[in-house]
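Down below is the structure, laid out as structure tokens.
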Amino acid sequence: MTGEARDARGERPIEPHLDHGPEELCAAGTDLYTQALREGRVPAREALAVPCLTDYGLLQPTVGDLDWLEPVAPAVALHRMLDSSAQRVAAERRREARLAATFEPLMLVDGRRTAGGDAGAVRVLNGVPQINQAISEVMSDATSELLCIQPNAHYGDRRGEVAQTLSLRRDQDMLDRGARIRTLYQHTQRHLPMVRARYEQLRGDAEARSLDEVTDRLIVVDRKIAFIPADGEATLALEVRHPALISYFVTTFERLWRLATPMHPETAQRPSLGGITPRQRTIASLLVEGHTDADIAERLGMNVRTARVHIAKLAATLGSESRAQLGYLIGQSGILDREG
């Protein structure tokens, strides 16, 4: 006599268990694991149909009674799996380093780099976890300098808080090794509590300056490796190791750095000229170039309402009664020709 195999309670046919990873826990495994968490244990025979629970360490034998299995706390199981994953990633990174060391000499022929020798000079990083991991690994080996440009983004939200915590640890470790850190922000960020708290916590040679406008996010480590965004959502990035590109990034940073205002209390308020503040002069130059209110707000890291308030104050100071007249009066006033 033949018949279908049934579960331990004889209630339903046992479906063949398919292979899957812990991140794709099957429905039967999820149900039994949930039962174990709720009741404290389950019969060992019931776990035979879902070997994934024991394979991934979610269930373990009960001490003194092998007929029962008890659940491992989800947090403990997750920690074990993440630790194992991190070890595999570290092993792969070591393998990458060995491969690079092995093939580097082979990429030189008669003193000239062979075709495709620059292929590894730019690497695409996909996803925030991979981006953060790559930056952390590069910074863990850094010894001299970190250059950063941080545009106005994600400050005040949960994503910004997570990024702040992670970068604080990385930066402090680098400072502890005697390195130097310089960061450029937009003026709109200089008084943000998160930014101010950052420099109250960091110990070492960390300096920040700000500008009305900065480029997209840039990180340059030891003038050897750089990270730049590769999409507008900050989920793709490029890891750049090409010497010519690194030199270009560093030159750009240094030029902006010389133009920037140090973020110290005594220099926070810059003087006005004829009642026109530095911020209003910047807005005036953008107005003359034909930018809309929305364009100005985006470039200066502020909302449109704030930009319009500045424009209204500028118009009132110059005695303008219309947008067209404002452009003319800006040109006649000479404020764009003056040094701040």
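Labels for the structure tokens follow display order: chains A, B, ..., residues from 1 in each chain, ligands from 1.
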
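Near Gly127 of chain A, within a cut-off of 12 Å and counting only C-alpha atoms, sit the residues Val124, Leu125, Pro129, Gln130, Ile131, Asn132, Gln133, Ala134, Pro229, Ala230, Asp231, Glu233, Ala234, Thr235, Leu236, Ala237 and Leu238 of chain A, with same-chain residues fewer than 2 positions away left out.
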
Report task. Mind checking which residues fall within 12 Å of Arg305 of chain A, counting only C-alpha atoms, ignoring those fewer than 6 positions away in the same chain, and posting them as JSON, numbers by chain? Result -> {"A": [293, 294, 296, 297, 298, 311, 312]}

File of the preceding selection, C-alpha atoms, as an mmCIF file, in the first residue's frame:
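The result, stored in result00.cif:
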data_model
loop_
_atom_site.group_PDB
_atom_site.id
_atom_site.type_symbol
_atom_site.label_atom_id
_atom_site.label_comp_id
_atom_site.auth_asym_id
_atom_site.auth_seq_id
_atom_site.Cartn_x
_atom_site.Cartn_y
_atom_site.Cartn_z
ATOM 1 C CA ASP A 293 13.436 81.293 -7.849
ATOM 2 C CA ALA A 294 13.348 77.476 -7.776
ATOM 3 C CA ILE A 296 18.254 79.675 -6.928
ATOM 4 C CA ALA A 297 16.760 77.812 -3.985
ATOM 5 C CA GLU A 298 18.119 74.470 -5.198
ATOM 6 C CA ILE A 311 14.855 88.432 -3.207
ATOM 7 C CA ALA A 312 12.173 90.658 -1.674
#

Give the helix (DSSP H, G or I) residues of segment 71-235 of chain A, as assigned by DSSP on the backbone, as a compact mmCIF listing (two decimals) with N, CA, C and O atoms, in the first residue's frame.
# COMPACT_ATOMS: atom_id res chain seq x y z
N PRO A 74 15.77 35.53 17.62
CA PRO A 74 16.01 36.10 16.28
C PRO A 74 17.21 37.03 16.23
O PRO A 74 17.98 37.01 15.27
N ALA A 75 17.39 37.87 17.27
CA ALA A 75 18.51 38.81 17.26
C ALA A 75 19.84 38.06 17.29
O ALA A 75 20.80 38.45 16.62
N VAL A 76 19.90 36.98 18.07
CA VAL A 76 21.13 36.18 18.15
C VAL A 76 21.41 35.51 16.81
O VAL A 76 22.55 35.51 16.32
N ALA A 77 20.37 34.92 16.22
CA ALA A 77 20.55 34.24 14.93
C ALA A 77 20.99 35.23 13.85
O ALA A 77 21.87 34.94 13.04
N LEU A 78 20.35 36.41 13.84
CA LEU A 78 20.71 37.42 12.84
C LEU A 78 22.17 37.86 13.01
O LEU A 78 22.91 38.00 12.04
N HIS A 79 22.58 38.07 14.27
CA HIS A 79 23.97 38.49 14.52
C HIS A 79 24.95 37.45 14.01
O HIS A 79 25.97 37.79 13.39
N ARG A 80 24.66 36.19 14.25
CA ARG A 80 25.55 35.13 13.78
C ARG A 80 25.65 35.14 12.26
O ARG A 80 26.74 34.99 11.70
N MET A 81 24.51 35.28 11.59
CA MET A 81 24.52 35.25 10.13
C MET A 81 25.25 36.47 9.55
O MET A 81 26.02 36.34 8.60
N LEU A 82 25.02 37.65 10.14
CA LEU A 82 25.70 38.85 9.66
C LEU A 82 27.20 38.76 9.89
O LEU A 82 28.00 39.20 9.05
N ASP A 83 27.59 38.20 11.03
CA ASP A 83 29.01 38.04 11.31
C ASP A 83 29.65 37.10 10.30
O ASP A 83 30.75 37.36 9.81
N SER A 84 28.94 36.02 9.99
CA SER A 84 29.46 35.08 9.00
C SER A 84 29.57 35.75 7.63
O SER A 84 30.56 35.56 6.91
N SER A 85 28.57 36.55 7.28
CA SER A 85 28.60 37.26 6.01
C SER A 85 29.76 38.24 5.95
O SER A 85 30.46 38.35 4.94
N ALA A 86 29.99 38.96 7.06
CA ALA A 86 31.09 39.93 7.10
C ALA A 86 32.43 39.23 6.93
O ALA A 86 33.34 39.75 6.28
N GLN A 87 32.56 38.04 7.53
CA GLN A 87 33.81 37.30 7.39
C GLN A 87 34.04 36.88 5.94
O GLN A 87 35.18 36.93 5.44
N ARG A 88 32.97 36.48 5.26
CA ARG A 88 33.10 36.10 3.85
C ARG A 88 33.50 37.30 3.00
O ARG A 88 34.33 37.20 2.10
N VAL A 89 32.88 38.46 3.29
CA VAL A 89 33.21 39.67 2.54
C VAL A 89 34.67 40.05 2.76
O VAL A 89 35.39 40.40 1.82
N ALA A 90 35.13 39.97 4.02
CA ALA A 90 36.51 40.30 4.32
C ALA A 90 37.47 39.36 3.60
O ALA A 90 38.51 39.78 3.08
N ALA A 91 37.09 38.09 3.53
CA ALA A 91 37.94 37.12 2.83
C ALA A 91 38.01 37.45 1.34
O ALA A 91 39.08 37.35 0.72
N GLU A 92 36.88 37.88 0.76
CA GLU A 92 36.88 38.25 -0.65
C GLU A 92 37.72 39.49 -0.90
O GLU A 92 38.40 39.60 -1.92
N ARG A 93 37.67 40.46 0.03
CA ARG A 93 38.49 41.65 -0.13
C ARG A 93 39.98 41.30 -0.08
O ARG A 93 40.79 41.85 -0.82
N ARG A 94 40.35 40.36 0.82
CA ARG A 94 41.74 39.93 0.87
C ARG A 94 42.13 39.23 -0.41
O ARG A 94 43.25 39.39 -0.91
N ARG A 95 41.20 38.46 -0.96
CA ARG A 95 41.47 37.78 -2.23
C ARG A 95 41.66 38.81 -3.34
O ARG A 95 42.54 38.66 -4.21
N GLU A 96 40.84 39.87 -3.35
CA GLU A 96 40.99 40.93 -4.35
C GLU A 96 42.37 41.56 -4.26
O GLU A 96 43.01 41.84 -5.28
N ALA A 97 42.82 41.81 -3.03
CA ALA A 97 44.14 42.42 -2.85
C ALA A 97 45.24 41.50 -3.37
O ALA A 97 46.20 41.96 -4.01
N ARG A 98 45.12 40.19 -3.11
CA ARG A 98 46.13 39.25 -3.60
C ARG A 98 46.13 39.18 -5.12
O ARG A 98 47.20 39.15 -5.75
N LEU A 99 44.93 39.19 -5.71
CA LEU A 99 44.84 39.17 -7.18
C LEU A 99 45.45 40.43 -7.78
O LEU A 99 46.17 40.36 -8.78
N ALA A 100 45.15 41.59 -7.16
CA ALA A 100 45.70 42.84 -7.67
C ALA A 100 47.23 42.83 -7.61
O ALA A 100 47.91 43.25 -8.54
N ALA A 101 47.76 42.33 -6.47
CA ALA A 101 49.22 42.28 -6.32
C ALA A 101 49.84 41.31 -7.33
O ALA A 101 50.94 41.55 -7.84
N THR A 102 49.13 40.24 -7.65
CA THR A 102 49.66 39.25 -8.58
C THR A 102 49.67 39.77 -10.01
O THR A 102 50.65 39.58 -10.76
N PHE A 103 48.59 40.46 -10.40
CA PHE A 103 48.46 40.86 -11.79
C PHE A 103 49.05 42.24 -12.11
O PHE A 103 49.23 42.57 -13.27
N PRO A 105 52.14 43.44 -11.82
CA PRO A 105 53.36 43.38 -12.63
C PRO A 105 53.10 42.95 -14.06
O PRO A 105 53.83 43.34 -14.97
N LEU A 106 52.05 42.12 -14.25
CA LEU A 106 51.77 41.62 -15.59
C LEU A 106 51.13 42.68 -16.49
O LEU A 106 51.04 42.49 -17.71
N MET A 107 50.68 43.78 -15.88
CA MET A 107 50.02 44.85 -16.64
C MET A 107 51.04 45.83 -17.22
O MET A 107 50.68 46.81 -17.86
N ALA A 119 41.26 49.71 -16.37
CA ALA A 119 39.91 49.18 -16.17
C ALA A 119 39.51 49.18 -14.71
O ALA A 119 38.35 49.34 -14.37
N GLY A 120 40.48 48.99 -13.79
CA GLY A 120 40.15 48.97 -12.37
C GLY A 120 40.23 50.32 -11.72
O GLY A 120 40.11 50.42 -10.49
N ALA A 121 40.44 51.38 -12.51
CA ALA A 121 40.59 52.72 -11.94
C ALA A 121 39.25 53.29 -11.48
O ALA A 121 39.22 54.22 -10.68
N VAL A 128 23.52 51.55 -0.80
CA VAL A 128 24.11 52.27 0.33
C VAL A 128 25.01 51.38 1.18
O VAL A 128 26.10 51.80 1.57
N PRO A 129 24.63 50.13 1.49
CA PRO A 129 25.53 49.28 2.29
C PRO A 129 26.89 49.07 1.63
O PRO A 129 27.92 49.16 2.31
N GLN A 130 26.90 48.80 0.33
CA GLN A 130 28.19 48.59 -0.35
C GLN A 130 29.00 49.88 -0.39
O GLN A 130 30.23 49.85 -0.23
N ILE A 131 28.33 51.01 -0.59
CA ILE A 131 29.04 52.29 -0.61
C ILE A 131 29.68 52.56 0.74
O ILE A 131 30.87 52.90 0.84
N ASN A 132 28.90 52.40 1.82
CA ASN A 132 29.44 52.66 3.16
C ASN A 132 30.57 51.71 3.49
O ASN A 132 31.57 52.10 4.11
N GLN A 133 30.44 50.46 3.09
CA GLN A 133 31.49 49.48 3.37
C GLN A 133 32.79 49.85 2.66
O GLN A 133 33.87 49.79 3.24
N ALA A 134 32.67 50.24 1.38
CA ALA A 134 33.87 50.60 0.62
C ALA A 134 34.55 51.82 1.22
O ALA A 134 35.79 51.85 1.36
N ILE A 135 33.77 52.83 1.61
CA ILE A 135 34.36 54.02 2.22
C ILE A 135 35.03 53.68 3.54
O ILE A 135 36.14 54.13 3.83
N SER A 136 34.37 52.85 4.35
CA SER A 136 34.93 52.47 5.65
C SER A 136 36.23 51.71 5.49
O SER A 136 37.20 51.94 6.23
N GLU A 137 36.29 50.82 4.50
CA GLU A 137 37.51 50.03 4.30
C GLU A 137 38.67 50.92 3.85
O GLU A 137 39.80 50.75 4.31
N VAL A 138 38.39 51.87 2.95
CA VAL A 138 39.45 52.76 2.48
C VAL A 138 39.92 53.67 3.61
O VAL A 138 41.11 53.88 3.81
N MET A 139 38.97 54.19 4.40
CA MET A 139 39.34 55.08 5.49
C MET A 139 40.07 54.37 6.61
O MET A 139 40.87 54.98 7.33
N SER A 140 39.82 53.08 6.77
CA SER A 140 40.52 52.33 7.83
C SER A 140 42.02 52.24 7.55
O SER A 140 42.81 52.03 8.48
N ARG A 158 16.05 60.64 9.34
CA ARG A 158 16.64 59.44 9.92
C ARG A 158 17.88 59.00 9.14
O ARG A 158 18.87 58.57 9.74
N ARG A 159 17.83 59.13 7.82
CA ARG A 159 18.98 58.73 7.01
C ARG A 159 20.20 59.58 7.35
O ARG A 159 21.32 59.08 7.44
N GLY A 160 19.98 60.88 7.57
CA GLY A 160 21.08 61.74 7.94
C GLY A 160 21.67 61.38 9.29
O GLY A 160 22.89 61.45 9.48
N GLU A 161 20.82 60.99 10.25
CA GLU A 161 21.30 60.61 11.57
C GLU A 161 22.16 59.35 11.51
O GLU A 161 23.21 59.25 12.16
N VAL A 162 21.73 58.37 10.72
CA VAL A 162 22.50 57.14 10.58
C VAL A 162 23.85 57.42 9.92
O VAL A 162 24.90 56.94 10.37
N ALA A 163 23.83 58.23 8.85
CA ALA A 163 25.07 58.57 8.16
C ALA A 163 26.00 59.35 9.08
O ALA A 163 27.22 59.14 9.06
N GLN A 164 25.44 60.24 9.91
CA GLN A 164 26.25 61.03 10.83
C GLN A 164 26.95 60.13 11.84
O GLN A 164 28.14 60.28 12.12
N THR A 165 26.22 59.18 12.40
CA THR A 165 26.81 58.28 13.39
C THR A 165 27.94 57.45 12.79
O THR A 165 29.02 57.30 13.38
N LEU A 166 27.69 56.92 11.59
CA LEU A 166 28.71 56.10 10.93
C LEU A 166 29.94 56.92 10.59
O LEU A 166 31.08 56.50 10.85
N SER A 167 29.75 58.12 10.01
CA SER A 167 30.89 58.92 9.60
C SER A 167 31.66 59.46 10.79
O SER A 167 32.89 59.63 10.72
N LEU A 168 30.99 59.72 11.91
CA LEU A 168 31.69 60.19 13.10
C LEU A 168 32.70 59.17 13.58
O LEU A 168 33.84 59.51 13.93
N ARG A 169 32.30 57.91 13.61
CA ARG A 169 33.22 56.85 14.04
C ARG A 169 34.41 56.76 13.09
O ARG A 169 35.56 56.66 13.53
N ARG A 170 34.13 56.76 11.79
CA ARG A 170 35.21 56.65 10.81
C ARG A 170 36.16 57.84 10.91
O ARG A 170 37.38 57.68 10.89
N ASP A 171 35.59 59.05 11.05
CA ASP A 171 36.43 60.24 11.08
C ASP A 171 37.28 60.28 12.34
O ASP A 171 38.46 60.64 12.29
N GLN A 172 36.69 59.93 13.49
CA GLN A 172 37.46 59.98 14.73
C GLN A 172 38.60 58.97 14.72
O GLN A 172 39.71 59.27 15.19
N ASP A 173 38.34 57.80 14.16
CA ASP A 173 39.42 56.81 14.05
C ASP A 173 40.57 57.35 13.20
O ASP A 173 41.75 57.15 13.52
N MET A 174 40.22 58.05 12.13
CA MET A 174 41.25 58.61 11.26
C MET A 174 42.02 59.73 11.96
O MET A 174 43.25 59.84 11.85
N LEU A 175 41.30 60.59 12.69
CA LEU A 175 41.94 61.67 13.44
C LEU A 175 42.87 61.11 14.51
O LEU A 175 43.95 61.67 14.76
N ASP A 176 42.46 60.02 15.13
CA ASP A 176 43.29 59.40 16.16
C ASP A 176 44.61 58.89 15.60
O ASP A 176 45.59 58.73 16.35
N HIS A 187 26.45 77.27 3.02
CA HIS A 187 26.19 78.20 4.12
C HIS A 187 24.94 77.82 4.91
O HIS A 187 24.88 78.04 6.12
N THR A 188 23.95 77.26 4.22
CA THR A 188 22.70 76.93 4.90
C THR A 188 22.87 75.83 5.93
O THR A 188 22.00 75.62 6.77
N GLN A 189 24.00 75.14 5.94
CA GLN A 189 24.23 74.05 6.87
C GLN A 189 25.06 74.44 8.08
O GLN A 189 25.13 73.69 9.05
N PRO A 193 22.06 72.04 13.92
CA PRO A 193 22.52 71.38 15.14
C PRO A 193 23.37 70.14 14.87
O PRO A 193 24.36 69.90 15.57
N MET A 194 23.01 69.36 13.85
CA MET A 194 23.76 68.14 13.58
C MET A 194 25.18 68.46 13.13
O MET A 194 26.14 67.77 13.52
N VAL A 195 25.33 69.50 12.31
CA VAL A 195 26.66 69.88 11.84
C VAL A 195 27.48 70.46 12.98
O VAL A 195 28.67 70.14 13.15
N ARG A 196 26.88 71.34 13.77
CA ARG A 196 27.60 71.95 14.90
C ARG A 196 28.02 70.89 15.91
O ARG A 196 29.14 70.91 16.43
N ALA A 197 27.13 69.94 16.19
CA ALA A 197 27.44 68.88 17.15
C ALA A 197 28.60 68.02 16.67
O ALA A 197 29.40 67.53 17.46
N ARG A 198 28.68 67.86 15.37
CA ARG A 198 29.75 67.04 14.81
C ARG A 198 31.13 67.56 15.21
O ARG A 198 32.00 66.81 15.64
N TYR A 199 31.31 68.87 15.08
CA TYR A 199 32.63 69.45 15.36
C TYR A 199 32.84 69.72 16.85
O TYR A 199 33.95 70.02 17.28
N GLU A 200 31.79 69.60 17.63
CA GLU A 200 31.95 69.62 19.07
C GLU A 200 32.42 68.26 19.59
O GLU A 200 33.07 68.17 20.62
N GLN A 201 32.11 67.20 18.82
CA GLN A 201 32.47 65.85 19.26
C GLN A 201 33.83 65.39 18.72
O GLN A 201 34.55 64.66 19.40

Query - Selection: 10 Å around Arg279 of chain A, only C-alpha atoms, excl. self and same-chain fewer than 4 positions, as a PyMOL selection string - result: chain A and resi 187+211-212+270+272+283-284+300+307+310+314

Saved selection, atoms kept: N, CA and C atoms, as a short mmCIF file (atom, residue, chain, number, x, y, z; two decimals), in the first residue's frame:
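Saved as selection_11.cif:
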data_model
loop_
_atom_site.label_atom_id
_atom_site.label_comp_id
_atom_site.auth_asym_id
_atom_site.auth_seq_id
_atom_site.Cartn_x
_atom_site.Cartn_y
_atom_site.Cartn_z
N HIS A 187 26.45 77.27 3.02
CA HIS A 187 26.19 78.20 4.12
C HIS A 187 24.94 77.82 4.91
N LEU A 211 30.32 77.55 1.77
CA LEU A 211 30.13 78.40 0.60
C LEU A 211 28.64 78.49 0.29
N ASP A 212 28.27 79.48 -0.51
CA ASP A 212 26.88 79.53 -0.98
C ASP A 212 26.56 78.31 -1.83
N ARG A 270 29.14 87.55 8.05
CA ARG A 270 29.99 88.35 7.17
C ARG A 270 29.38 89.73 6.98
N SER A 272 27.95 93.31 5.52
CA SER A 272 27.15 93.68 4.34
C SER A 272 27.76 94.92 3.72
N ILE A 283 22.57 85.83 -4.54
CA ILE A 283 21.27 85.71 -5.21
C ILE A 283 21.17 86.70 -6.37
N ALA A 284 21.70 87.90 -6.17
CA ALA A 284 21.67 88.91 -7.23
C ALA A 284 22.42 88.42 -8.47
N LEU A 300 21.38 77.01 -3.79
CA LEU A 300 21.87 77.53 -2.51
C LEU A 300 21.40 76.71 -1.33
N ALA A 307 14.18 81.67 -0.41
CA ALA A 307 14.83 82.38 -1.52
C ALA A 307 14.03 83.63 -1.90
N HIS A 310 14.62 86.51 0.53
CA HIS A 310 15.88 87.21 0.24
C HIS A 310 15.74 88.12 -0.98
N LEU A 314 16.23 92.14 -1.09
CA LEU A 314 17.14 92.74 -2.05
C LEU A 314 16.44 93.81 -2.87
#

Requested in this report: Extract, using only C-alpha atoms, all DNA, RNA and protein residues at most 10 Å from Arg38 of chain A, discarding same-chain residues fewer than 5 positions from it, and format them as a list in words.
Outcome: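 Counting only C-alpha atoms, the residues come to Leu32, Tyr33 and Pro71 of chain A.
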
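Of the listed residues (A:Asp216, A:Asp222, A:Glu289, A:Glu207), A:Glu207 comes nearest to Met263 of chain A; the distances count only C-alpha atoms.
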
Query - In segment 12-194 of chain A, DSSP strand (DSSP E or B) residues written as a count of residues only - result: 36

Requested in this report: Would you kindly return, as a ChimeraX atom specification, each protein, DNA or RNA residue with an atom no farther than 12 Å from any atom of Ala316 of chain A, considering only C-alpha atoms and excluding same-chain residues fewer than 6 positions away?
Outcome: /A:275-276,280,309-310,322-323,325-326,329-330

Requested in this report: For atom CA of Pro61 of chain A and atom CA of Ala28 of chain A, quote the distance in Å rounded to one decimal.
Outcome: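 A separation of 19.1 Å between them.
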